[in-house]
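Following: one structure in structure tokens, then a few remarks.
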Amino acid sequence: MRGRHRIWTLILGSLVATGAAANEVSLTPCPDQFGVTARCGWAEVAENRAAPEGRRIRVRVVVLPSAAAASAEPLVMFPGGPGQATPTLIPLATQAYPRVLEKRDVVLIGQRGSGESNAMHCLTDLASDPERVFGALWPREAIRECHERVLEHADPSEYTTADYVADVAEVLDALGYGKVVLWGGSGGTRTAQAFVREHPERVVAAVLDGVTPIDYRMPLPFSGYAQRAWRRVVADCEAQPGCAAAYPELEADLKRVFDRVEAGPVPTTIARADGAAATVEVRAGDLAYALRGVLYGARTIPRLPAEVHHAAATGDLSYFAQALYDRASALLGGVVAVGLHLSSYCAEDVPRLAGVDVAAETAETFLGGYLVAEYRGACDNWPVTPAAPDWYRDFSSPIPTLLVSGYYDPSTPAEAAEAVRRSFPNSRHVVVRDQSHGAGFTCLRPVVEEFLLSASLTDVADPCSGEPLVFAVDEPSAQE
């Protein structure tokens with residue numbers, strides 16, 4: 001039915017949920033840049049589902065056809081962020097889990113507000129204007145100006161996780177798919193949970209990698225979890241003779257670094273994306289957010305003790321400034337649609353921080369209340385309608401579910417996955433000891449791939465070594 005080289009023209013049937021008229025959706029060969037056999041098209045949906053006669057928007061649809069004559073239940077993949085463009089998951093599907101395509105189509109449905117799906121982009125000039133990366137995560141004036149521009153083509157209140165879930169169900173119907181297997185990464189795990197809750201009859205199995213609970217109240221938990229990740233680095237360094245000898249006072253080193261930036265902005269030099277040097281000023285919030293970003297990666301964590309010690313000994317913050325610039329200019333400058341990101345946070349998370357004693361919740365952490373203050377300030381300039389209380393309701397699903405966590409993850413650690421596990425009693429949770437965010441793409445990859453093929457927990461095992469990361473004790477890169 002779904003041949004590998006067929007061009008599909010599919011009729012979008014009666015959309016009962018919105019009362020919308022029928023629409024035609026065509027899938028044709030995708031542009032060559034994807035590097036795989038794929039079909040691309042568009043689906044048109046009502047922006048405001050309570051007013052289907054109003055503005056309609058297009059969302060991108062990409063289907064990677066399976067090699068099988070008839071696909072089993074397709075794999076639907078949800079991106080992170082929120083705000084990551086869904087087609088960016090194509091390399092993950094084709095390179096990390098290629099065997100899935102032997103059996104299942106892979107379906108990628110753009111999240112409204114991202115990528116080519118009526119995107120709400122802000123702060124896209126960070127790479128060429130590095131000074132904007134420092135001083136504030138969300139520059140208030142820039143966010144306010146972006147909101148005004150976005151209103152010309154979108155209503156930011158209609159770009160929530162609930163809206164995305166409804167779009168996905170609608171498009172799956174249009175494509176003729178019934179039951180599905182789900183994969184969600186990071187922020188996409190929240191989307192996957194919501195889809196299971198809203199459409200329990202449709203889901204066969206799910207993988208949640210870097211689990212974000214629906215009722216997480218982001219960004220409040222990030223301070224405590226990032227501090228815990230840092231302390232795990234310190235503890236593991238102390239347990240490794242070479243690291244312990246080279247950096248015997250890591251906690252004191254980090255305190256010295258923060259004492260310096262808290263006394264006032266520290267100028268340092270970074271390399272822009274075009275190779276030119278730029279002088280920037282690092283403040284306490286910048287340093288804290290940079291450190292959290294380094295903790296995201298199993299490739300960057302091994303150098304962290306050396307870089308913290310170097311910064312404490314010399315006052316040189318170039319490593320952390322460069323890390324902050326590189327991450328912000330890549331993610332916020334295009335990969336993540338900032339407007340969609342804020343529409344989600346400002347509707348689903350930040351309103352639930354009202355009345356919270358943030359100082360008490362974030363005490364004794366290097367991030368402190370920085371992220372909460374930044375998101376509150378951004379949401380003041382990105383007005384949306386708060387999610388209804390029903391959005392946070394509990395649920396329970398019997399589907400086989402594989403949850404994946406990285407031991408060092410500073411934002412979606414194992415504790416978050418265990419909280420979600422209450423909703424999935426038929427689940428297995430694997431914590432990968434030498435990984436951080438996105439642990440399902442490393443030593444656990446064959447296990448995740450097999451689960452996506454079989455939709456069964458029977459053969460799920462932990463093939464990973466259980467060893468901590470090994471920390472570098474040579475000269476830090478900041479001195480190179």
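Labels for the structure tokens follow display order: chains A, B, ..., residues from 1 in each chain, ligands from 1.
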
> Among segment 80-225 of chain A, which residues carry a DSSP assignment of strand (DSSP E), reported as a ChimeraX atom specification?
Replying inline: /A:104-109,180-185,203-209

> Please, which residues of segment 195-417 of chain A, numbered as in this document, come out helix (DSSP H, G or I) from DSSP, as a ChimeraX atom specification?
Replying inline: /A:195-198,200-202,220-239,241-246,250-262,284-295,301-314,318-335,338-348,350-353,358-362,370-380,389-392,414-417

>> Neighbouring residues of segment 193-206 of chain A were defined as those with any atom within 10 Å, considering only C-alpha atoms; residues of the same chain fewer than 4 positions away were excluded. Please report them as a PyMOL selection string.
In response: chain A and resi 73-77+161-162+164-166+168-169+177-184+188-189+211-214+391-403+420+423-424+426-427+451-452+454-457

>> I want to know what sits within 9 Å of His341 of chain A, based on only C-alpha atoms, with residues of the same chain fewer than 3 positions away left out; could you give that as a VMD selection string?
In response: chain A and resid 81 to 84 113 to 114 120 336 to 338 344 to 346

Based on the selection just made, write N, CA and C atoms of those residues as a JSON list (two decimals), in the first residue's frame.
[["chain", "number", "residue", "atom", "x", "y", "z"],
["A", 81, "GLY", "N", 13.05, 20.63, 22.59],
["A", 81, "GLY", "CA", 12.96, 22.09, 22.69],
["A", 81, "GLY", "C", 12.17, 22.51, 23.94],
["A", 82, "PRO", "N", 10.87, 22.80, 23.74],
["A", 82, "PRO", "CA", 10.12, 22.81, 22.49],
["A", 82, "PRO", "C", 10.62, 23.90, 21.54],
["A", 83, "GLY", "N", 10.50, 23.59, 20.23],
["A", 83, "GLY", "CA", 10.90, 24.54, 19.22],
["A", 83, "GLY", "C", 11.78, 23.97, 18.14],
["A", 84, "GLN", "N", 12.29, 22.73, 18.33],
["A", 84, "GLN", "CA", 13.13, 22.10, 17.32],
["A", 84, "GLN", "C", 12.27, 21.71, 16.12],
["A", 113, "GLY", "N", 4.65, 26.39, 14.49],
["A", 113, "GLY", "CA", 5.50, 27.41, 15.10],
["A", 113, "GLY", "C", 6.99, 27.15, 14.94],
["A", 114, "SER", "N", 7.37, 26.00, 14.32],
["A", 114, "SER", "CA", 8.78, 25.66, 14.15],
["A", 114, "SER", "C", 9.09, 25.38, 12.70],
["A", 120, "MET", "N", 7.79, 30.69, 14.35],
["A", 120, "MET", "CA", 7.89, 31.92, 15.14],
["A", 120, "MET", "C", 9.34, 32.06, 15.60],
["A", 336, "VAL", "N", 16.15, 26.04, 17.13],
["A", 336, "VAL", "CA", 14.97, 26.15, 17.98],
["A", 336, "VAL", "C", 14.23, 27.45, 17.66],
["A", 337, "ALA", "N", 12.95, 27.35, 17.38],
["A", 337, "ALA", "CA", 12.12, 28.53, 17.15],
["A", 337, "ALA", "C", 11.77, 29.12, 18.52],
["A", 338, "VAL", "N", 12.38, 30.24, 18.84],
["A", 338, "VAL", "CA", 12.24, 30.83, 20.17],
["A", 338, "VAL", "C", 10.78, 31.17, 20.48],
["A", 344, "SER", "N", 5.14, 27.72, 24.58],
["A", 344, "SER", "CA", 4.96, 26.53, 25.41],
["A", 344, "SER", "C", 5.24, 26.82, 26.87],
["A", 345, "TYR", "N", 6.43, 27.35, 27.15],
["A", 345, "TYR", "CA", 6.80, 27.64, 28.54],
["A", 345, "TYR", "C", 5.82, 28.62, 29.19],
["A", 346, "CYS", "N", 5.47, 29.67, 28.46],
["A", 346, "CYS", "CA", 4.67, 30.73, 29.06],
["A", 346, "CYS", "C", 3.22, 30.33, 29.25]]

>> Calculated over only C-alpha atoms, which of the candidates A:Gln95, A:Ser66, A:Ser343, A:Ser411 has the smallest distance to Ala154 of chain A?
In response: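 For Ala154 of chain A, the nearest of the given residues is A:Ser343.
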
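Take the candidates A:Arg445, A:His310, A:Arg299, A:Arg272 and check each one against Asp253 of chain A using only C-alpha atoms; the shortest distance goes to A:His310.
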
>> When you count only C-alpha atoms, which of these residues is closest to Gly406 of chain A: A:Ala51, A:Cys464, A:Val266, A:Leu453?
In response: A:Cys464

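Residues in contact with Glu251 of chain A at 10 Å, where only C-alpha atoms are counted and same-chain residues fewer than 6 positions away are skipped, are listed as A:Trp230, A:Arg231, A:Val234, A:Pro305, A:Val308, A:His309.
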
Could you save those same residues with C-alpha atoms as a compact mmCIF listing (two decimals), in the first residue's frame?
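Listed below is the output, out.txt:
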# COMPACT_ATOMS: atom_id res chain seq x y z
CA TRP A 230 27.92 19.18 38.95
CA ARG A 231 28.29 17.41 42.29
CA VAL A 234 33.06 16.42 41.50
CA PRO A 305 37.30 19.81 35.99
CA VAL A 308 36.97 25.08 36.08
CA HIS A 309 40.41 24.79 37.69

> Using only C-alpha atoms, which of the listed residues (A:Val294, A:Ile57, A:Ala192, A:Ala417) sits closest to Asp155 of chain A?
Replying inline: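 With only C-alpha atoms as the atom set, the closest residue is A:Ile57.
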
> For the atom pair atom CA of Asp167 of chain A and atom CA of Val45 of chain A, what is the interatomic distance in Å to one decimal place?
Replying inline: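 Going from atom CA of Asp167 of chain A over to atom CA of Val45 of chain A, I get 7.0 Å.
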
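Between Ala235 of chain A and the residues A:Pro248, A:Pro156, A:Gly210, A:Gly315, the shortest atom-to-atom distance, using only C-alpha atoms, involves A:Pro248.
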
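When the distance limit is 12 Å and only C-alpha atoms are what count, the residues near Glu467 of chain A, minus those fewer than 5 positions from it on the same chain, are A:Asp236, A:Ala239, A:Gln240, A:Tyr407, A:Val431, A:Val432, A:Arg433, A:Asp434, A:Gln435, A:Cys443.
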
Output of the above residues as a PDB file, in the first residue's frame, restricted to N, CA and C atoms:
ATOM      1  N   ASP A 236      32.896  12.051  41.065  1.00  0.00           N
ATOM      2  CA  ASP A 236      33.592  11.113  40.189  1.00  0.00           C
ATOM      3  C   ASP A 236      35.044  11.513  39.990  1.00  0.00           C
ATOM      4  N   ALA A 239      37.024  10.359  42.874  1.00  0.00           N
ATOM      5  CA  ALA A 239      37.217   8.909  42.888  1.00  0.00           C
ATOM      6  C   ALA A 239      38.262   8.437  41.887  1.00  0.00           C
ATOM      7  N   GLN A 240      38.715   9.334  41.009  1.00  0.00           N
ATOM      8  CA  GLN A 240      39.741   8.989  40.023  1.00  0.00           C
ATOM      9  C   GLN A 240      41.063   9.599  40.471  1.00  0.00           C
ATOM     10  N   TYR A 407      23.081   9.787  33.424  1.00  0.00           N
ATOM     11  CA  TYR A 407      23.441   9.988  34.827  1.00  0.00           C
ATOM     12  C   TYR A 407      23.777  11.451  35.131  1.00  0.00           C
ATOM     13  N   VAL A 431      19.212   3.916  33.123  1.00  0.00           N
ATOM     14  CA  VAL A 431      20.057   5.083  33.377  1.00  0.00           C
ATOM     15  C   VAL A 431      21.457   4.762  32.868  1.00  0.00           C
ATOM     16  N   VAL A 432      21.934   5.532  31.906  1.00  0.00           N
ATOM     17  CA  VAL A 432      23.239   5.274  31.311  1.00  0.00           C
ATOM     18  C   VAL A 432      24.289   6.069  32.089  1.00  0.00           C
ATOM     19  N   ARG A 433      25.193   5.339  32.723  1.00  0.00           N
ATOM     20  CA  ARG A 433      26.105   5.925  33.713  1.00  0.00           C
ATOM     21  C   ARG A 433      27.057   6.958  33.133  1.00  0.00           C
ATOM     22  N   ASP A 434      27.569   6.737  31.921  1.00  0.00           N
ATOM     23  CA  ASP A 434      28.582   7.651  31.392  1.00  0.00           C
ATOM     24  C   ASP A 434      28.009   8.622  30.372  1.00  0.00           C
ATOM     25  N   GLN A 435      26.717   8.945  30.510  1.00  0.00           N
ATOM     26  CA  GLN A 435      26.079   9.831  29.545  1.00  0.00           C
ATOM     27  C   GLN A 435      25.314  10.946  30.257  1.00  0.00           C
ATOM     28  N   CYS A 443      25.674   3.838  23.846  1.00  0.00           N
ATOM     29  CA  CYS A 443      25.777   2.385  24.027  1.00  0.00           C
ATOM     30  C   CYS A 443      24.409   1.718  24.072  1.00  0.00           C
TER      31      CYS A 443
END

> Which one of A:Ala85, A:Cys146, A:Leu444, A:Leu371 sits closest to Val404 of chain A if you count only C-alpha atoms?
Replying inline: A:Leu444
